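> Pasting run31.cif below, which is mmCIF, C-alpha atoms.
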data_structure
#
loop_
_atom_site.label_atom_id
_atom_site.label_comp_id
_atom_site.auth_asym_id
_atom_site.auth_seq_id
_atom_site.Cartn_x
_atom_site.Cartn_y
_atom_site.Cartn_z
CA MET W 274 64.17 -97.76 28.10
CA ASP W 275 67.45 -95.92 27.51
CA ARG W 276 67.93 -92.18 27.95
CA ARG W 277 67.51 -91.42 24.23
CA GLU W 278 64.21 -93.27 24.04
CA GLN W 279 63.01 -91.41 27.13
CA TYR W 280 63.88 -88.06 25.54
CA LEU W 281 61.99 -89.04 22.37
CA LYS W 282 58.96 -90.19 24.34
CA THR W 283 58.89 -86.97 26.37
CA CYS W 284 59.31 -84.79 23.30
CA LEU W 285 56.61 -86.54 21.27
CA GLY W 286 54.22 -86.54 24.23
CA ARG W 287 54.72 -82.85 24.78
CA LEU W 288 54.25 -81.98 21.08
CA ASN W 289 51.06 -84.07 20.87
CA LYS W 290 49.71 -82.35 23.99
CA GLU W 291 50.51 -78.87 22.63
CA LEU W 292 48.83 -79.66 19.30
CA ARG W 293 45.68 -80.95 21.04
CA GLU W 294 45.52 -77.81 23.21
CA TYR W 295 46.08 -75.53 20.22
CA TYR W 296 43.36 -77.20 18.14
CA LYS W 297 40.87 -76.79 21.02
CA SER W 298 41.22 -73.01 20.97
CA PRO W 299 43.36 -71.73 18.10
CA GLU W 300 45.18 -68.45 18.69
CA ALA W 301 44.24 -65.61 16.35
CA LEU W 302 47.77 -64.16 16.23
CA PHE W 303 49.51 -67.31 15.04
CA SER W 304 49.07 -70.89 13.91
CA PHE W 305 51.41 -73.87 13.89
CA ALA W 306 51.39 -77.49 12.82
CA PRO W 307 53.72 -80.28 11.79
CA VAL W 308 54.44 -80.41 8.07
CA ASN W 309 54.35 -84.20 8.21
CA GLU W 310 51.97 -85.46 10.91
CA SER W 311 53.47 -88.94 10.77
CA ASN W 312 56.82 -87.57 12.01
CA LEU W 313 56.38 -84.82 14.61
CA LEU W 314 60.12 -84.27 14.97
CA GLU W 315 60.79 -83.74 11.28
CA HIS W 316 59.62 -80.21 10.47
CA TRP W 317 56.94 -77.78 11.58
CA ALA W 318 55.59 -74.58 10.09
CA ALA W 319 54.04 -71.55 11.74
CA ILE W 320 52.23 -68.45 10.56
CA ILE W 321 52.34 -65.20 12.52
CA HIS W 322 49.98 -62.33 11.78
CA GLY W 323 51.51 -58.88 12.09
CA PRO W 324 50.28 -57.14 15.23
CA VAL W 325 47.79 -54.29 14.87
CA HIS W 326 49.17 -50.75 15.13
CA THR W 327 52.63 -51.84 13.99
CA PRO W 328 54.29 -51.57 10.58
CA TYR W 329 53.72 -55.35 10.31
CA GLU W 330 49.92 -55.04 10.51
CA ASN W 331 48.13 -57.18 7.88
CA GLY W 332 51.33 -59.10 7.18
CA VAL W 333 51.38 -62.87 7.21
CA PHE W 334 54.81 -64.18 8.17
CA GLU W 335 55.88 -67.78 7.66
CA LEU W 336 58.25 -69.41 10.12
CA ASP W 337 60.15 -72.68 10.01
CA ILE W 338 60.36 -74.76 13.19
CA SER W 339 62.67 -77.66 13.86
CA PHE W 340 63.37 -79.51 17.03
CA ARG W 341 67.06 -79.83 17.74
CA GLU W 342 68.01 -83.43 17.69
CA ASP W 343 71.19 -84.18 19.55
CA HIS W 344 71.61 -87.94 19.22
CA ASN W 345 72.92 -88.21 22.77
CA GLY W 346 71.20 -85.34 24.50
CA PRO W 347 67.84 -83.93 25.44
CA LEU W 348 65.17 -82.73 23.04
CA TYR W 349 62.31 -80.26 23.25
CA PRO W 350 60.96 -79.26 25.79
CA PHE W 351 64.35 -79.52 27.54
CA VAL W 352 66.00 -77.49 24.78
CA PRO W 353 64.26 -74.80 22.71
CA PRO W 354 63.09 -75.42 19.17
CA LYS W 355 64.97 -73.74 16.34
CA ILE W 356 62.68 -71.14 14.77
CA GLN W 357 63.46 -68.96 11.76
CA PHE W 358 61.46 -66.51 9.68
CA LYS W 359 60.98 -67.70 6.12
CA THR W 360 59.30 -64.42 5.17
CA LYS W 361 61.69 -61.52 4.76
CA ILE W 362 61.16 -58.86 7.44
CA PHE W 363 62.81 -55.57 8.45
CA HIS W 364 63.31 -55.80 12.22
CA PRO W 365 66.20 -55.17 14.64
CA ASN W 366 65.94 -58.65 16.21
CA ILE W 367 65.47 -60.71 13.04
CA SER W 368 68.43 -61.26 10.72
CA SER W 369 68.35 -61.28 6.94
CA LYS W 370 68.64 -65.08 7.23
CA GLY W 371 65.52 -65.21 9.42
CA GLU W 372 67.34 -65.87 12.70
CA ILE W 373 65.55 -64.49 15.74
CA CYS W 374 67.25 -62.85 18.71
CA LEU W 375 64.94 -63.82 21.56
CA ASP W 376 66.29 -65.02 24.90
CA ILE W 377 63.74 -67.85 25.34
CA LEU W 378 65.05 -69.42 22.15
CA TYR W 379 68.47 -69.68 23.77
CA GLU W 380 69.73 -69.25 27.33
CA GLN W 381 66.39 -68.30 28.95
CA HIS W 382 64.47 -71.35 27.72
CA TYR W 383 62.87 -73.58 30.32
CA THR W 384 60.58 -76.60 30.03
CA ALA W 385 57.34 -74.80 30.96
CA ILE W 386 57.59 -72.60 27.86
CA THR W 387 55.33 -74.05 25.18
CA LEU W 388 55.58 -73.53 21.46
CA GLY W 389 52.50 -71.31 21.66
CA LYS W 390 54.16 -69.11 24.28
CA ILE W 391 57.28 -68.86 22.13
CA LEU W 392 55.24 -67.81 19.09
CA LEU W 393 53.33 -65.28 21.20
CA SER W 394 56.69 -63.89 22.37
CA ILE W 395 57.77 -63.52 18.73
CA VAL W 396 54.54 -61.62 17.96
CA SER W 397 55.28 -59.42 20.98
CA LEU W 398 58.81 -58.84 19.69
CA LEU W 399 57.32 -57.46 16.48
CA SER W 400 55.43 -54.89 18.57
CA ASP W 401 58.32 -54.07 20.87
CA PRO W 402 61.82 -54.65 19.41
CA ASN W 403 64.82 -54.93 21.72
CA THR W 404 67.28 -52.44 20.22
CA ASP W 405 69.89 -53.17 22.90
CA ASP W 406 70.33 -56.76 21.69
CA PHE W 407 69.94 -56.60 17.91
CA LEU W 408 70.89 -58.68 14.87
CA GLU W 409 70.32 -55.97 12.26
CA PRO W 410 72.24 -52.79 13.18
CA GLU W 411 70.58 -50.54 10.57
CA ALA W 412 67.08 -51.49 11.71
CA ALA W 413 68.04 -50.94 15.36
CA TYR W 414 69.58 -47.56 14.57
CA LEU W 415 66.53 -46.39 12.61
CA TYR W 416 64.16 -47.64 15.31
CA LYS W 417 66.00 -45.55 17.92
CA GLU W 418 66.92 -42.48 15.85
CA ASN W 419 64.31 -42.15 13.09
CA ARG W 420 61.20 -44.10 14.01
CA GLU W 421 59.17 -42.67 11.11
CA GLU W 422 61.71 -43.99 8.58
CA TYR W 423 61.95 -47.33 10.37
CA ASP W 424 58.17 -47.71 10.24
CA ARG W 425 58.09 -46.76 6.56
CA ILE W 426 60.68 -49.38 5.59
CA ALA W 427 59.09 -52.05 7.78
CA ARG W 428 55.67 -51.34 6.23
CA GLU W 429 57.19 -51.41 2.74
CA TRP W 430 58.83 -54.79 3.39
CA THR W 431 55.64 -56.13 4.97
CA GLN W 432 53.71 -55.07 1.88
CA LYS W 433 56.30 -56.54 -0.47
CA TYR W 434 57.05 -59.84 1.28
CA ALA W 435 54.21 -60.63 3.68
CA MET W 436 51.01 -59.57 1.95
CA THR W 437 48.95 -60.82 -0.94
CA ALA W 438 48.36 -58.46 -3.85
CA ASP W 439 44.88 -57.55 -2.53
CA ASP W 440 46.19 -56.85 0.99
CA ALA W 441 49.10 -54.86 -0.44
CA ALA W 442 46.76 -52.58 -2.41
CA GLU W 443 44.99 -51.62 0.83
CA GLY W 444 48.28 -51.12 2.63
CA GLN W 445 49.69 -48.98 -0.19
CA GLU W 446 47.26 -46.18 0.65
CA ASN W 447 48.92 -45.74 4.05
CA ILE W 448 52.47 -46.06 2.71
CA ASN W 449 51.88 -43.38 0.05
CA GLU W 450 51.38 -40.87 2.86
CA VAL W 451 55.04 -41.26 3.94
CA SER W 452 57.83 -39.57 1.98
CA PRO W 453 59.56 -42.00 -0.41
CA LEU W 454 63.24 -42.89 -0.02
CA ASN W 455 65.07 -45.60 -1.91
CA TYR W 456 66.19 -48.43 0.35
CA SER W 457 66.67 -51.00 -2.38
CA GLN W 458 70.24 -51.60 -1.17
CA ILE W 459 68.92 -53.05 2.11
#
Translate the structure described by the file into structure tokens.

Amino acid sequence: MDRREQYLKTCLGRLNKELREYYKSPEALFSFAPVNESNLLEHWAAIIHGPVHTPYENGVFELDISFREDHNGPLYPFVPPKIQFKTKIFHPNISSKGEICLDILYEQHYTAITLGKILLSIVSLLSDPNTDDFLEPEAAYLYKENREEYDRIAREWTQKYAMTADDAAEGQENINEVSPLNYSQI
């Protein structure tokens, strides 16, 4: 077996193991699965539920997962998966294109980190943004300097992009309590 085949075997084995473990005890904060179960390396999807007591509460955020495929090099778990938000979100560490600034998705990745741990870290990032290493300067500034306004905008975006109409109606009651400002240019 050549090196490439070994990488593929390791990657597929690891993904199958993680799926089996996830299905045994699904996590309430997130879910993940391959889009096409006949090709585990093709494309995966994940759903993250906004953490309680954050402006993302009641939001359902879709993420896209792909496993970097370097034809000559290692694959997951040796390199991190590429994960992007598909749902628009107002957050210092998530770009308008859905890119996520999280060290374990780049230089701090190591093989013991599972996809579930990565998704849990993303949920944690929603609760506790890193404003020292940001992708969205305006969100980072507001988080540091005007937390009330940051929370208002983040709740508004969560309501608009990450909630169903029924969920949004419930969430609107809380948003109406905050003074309205027009951030349509964001």
> Which one is closest to Pro299 in chain W: W:Lys355, W:Gly389, W:Phe334, W:Ser394? Count all atoms listed in the file.
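Answer, going by the shortest atom-to-atom distance: W:Gly389.
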> For a quick check of understanding, using only C-alpha atoms, which of W:Phe303, W:Leu281, W:Arg287, W:Ile362 has the smallest distance to Lys390 in chain W?
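Under the stated criterion, the closest residue is W:Phe303.
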> CA of Ile391 in chain W and CA of Leu378 in chain W, how far apart in Å?
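Answer for the CA of Leu378 in chain W to CA of Ile391 in chain W separation: 7.8 Å.
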> Point out the residue among W:Leu336, W:Ile321, W:Val352, W:Val308 with the least atom-to-atom distance to Thr283 in chain W, counting only C-alpha atoms.
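Closest to Thr283 in chain W, using only C-alpha atoms: W:Val352.
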> W:Pro324, W:Gly332, W:Pro410, W:Pro402: which is nearest Thr431 in chain W, counting all atoms listed in the file?
W:Gly332
> For Leu415 in chain W, which of W:Tyr383, W:Phe363, W:Tyr434, W:Tyr349 is the closest residue, counting all atoms listed in the file?
W:Phe363
> Could you please determine the separation between CA of His326 in chain W and CA of Ile377 in chain W in Å, to one decimal place?
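About the pair CA of His326 in chain W and CA of Ile377 in chain W: they are 24.7 Å apart.
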> Between CA of Tyr416 in chain W and CA of Asp376 in chain W, what distance in Å does the model show, to one decimal?
20.0 Å
> When you look at Cys374 in chain W with a cut-off of 12 Å (counting only C-alpha atoms), what residues show up, excluding the ones that are within fewer than 2 positions of it in the same chain? I need them as a ChimeraX atom specification.
/W:355-358,364-372,376-381,394-395,398-399,402-409
> Next, write the just-selected residues to a file, as a CSV table (one decimal), in the coordinates of the input, keeping C-alpha atoms as the atom set.

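Generated file (out-v4.csv):
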chain,number,residue,atom,x,y,z
W,355,LYS,CA,65.0,-73.7,16.3
W,356,ILE,CA,62.7,-71.1,14.8
W,357,GLN,CA,63.5,-69.0,11.8
W,358,PHE,CA,61.5,-66.5,9.7
W,364,HIS,CA,63.3,-55.8,12.2
W,365,PRO,CA,66.2,-55.2,14.6
W,366,ASN,CA,65.9,-58.6,16.2
W,367,ILE,CA,65.5,-60.7,13.0
W,368,SER,CA,68.4,-61.3,10.7
W,369,SER,CA,68.4,-61.3,6.9
W,370,LYS,CA,68.6,-65.1,7.2
W,371,GLY,CA,65.5,-65.2,9.4
W,372,GLU,CA,67.3,-65.9,12.7
W,376,ASP,CA,66.3,-65.0,24.9
W,377,ILE,CA,63.7,-67.8,25.3
W,378,LEU,CA,65.0,-69.4,22.2
W,379,TYR,CA,68.5,-69.7,23.8
W,380,GLU,CA,69.7,-69.2,27.3
W,381,GLN,CA,66.4,-68.3,29.0
W,394,SER,CA,56.7,-63.9,22.4
W,395,ILE,CA,57.8,-63.5,18.7
W,398,LEU,CA,58.8,-58.8,19.7
W,399,LEU,CA,57.3,-57.5,16.5
W,402,PRO,CA,61.8,-54.6,19.4
W,403,ASN,CA,64.8,-54.9,21.7
W,404,THR,CA,67.3,-52.4,20.2
W,405,ASP,CA,69.9,-53.2,22.9
W,406,ASP,CA,70.3,-56.8,21.7
W,407,PHE,CA,69.9,-56.6,17.9
W,408,LEU,CA,70.9,-58.7,14.9
W,409,GLU,CA,70.3,-56.0,12.3
> Decode the PyMOL selection byres ((chain W and resi 427) around 10) for the given file into explicit residues and return them as a ChimeraX atom specification.
/W:327-329,362-364,412,421-426,428-433
> Which is closest to Glu291 in chain W among W:Asp401, W:Val333, W:Leu388, W:Tyr414, if we use only C-alpha atoms?
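Under the stated criterion, the closest residue is W:Leu388.
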> Report as an MDAnalysis selection string the residues that result from applying the PyMOL selection byres ((chain W and resi 306) around 10) to the structure here.
chainID W and resid 288 291:292 295:296 304:305 307:310 313 316:320 338
> Determine, counting only C-alpha atoms, which protein, DNA and RNA residues have an atom within 9 Å of an atom of Tyr280 in chain W; residues of the same chain fewer than 4 positions away are not included. Present the result as a compact mmCIF listing (two decimals) with C-alpha atoms, keeping the file's coordinate frame.

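selection.txt, freshly written:
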# COMPACT_ATOMS: atom_id res chain seq x y z
CA ASP W 275 67.45 -95.92 27.51
CA ARG W 276 67.93 -92.18 27.95
CA CYS W 284 59.31 -84.79 23.30
CA LEU W 285 56.61 -86.54 21.27
CA GLY W 346 71.20 -85.34 24.50
CA PRO W 347 67.84 -83.93 25.44
CA LEU W 348 65.17 -82.73 23.04
CA TYR W 349 62.31 -80.26 23.25
CA PHE W 351 64.35 -79.52 27.54
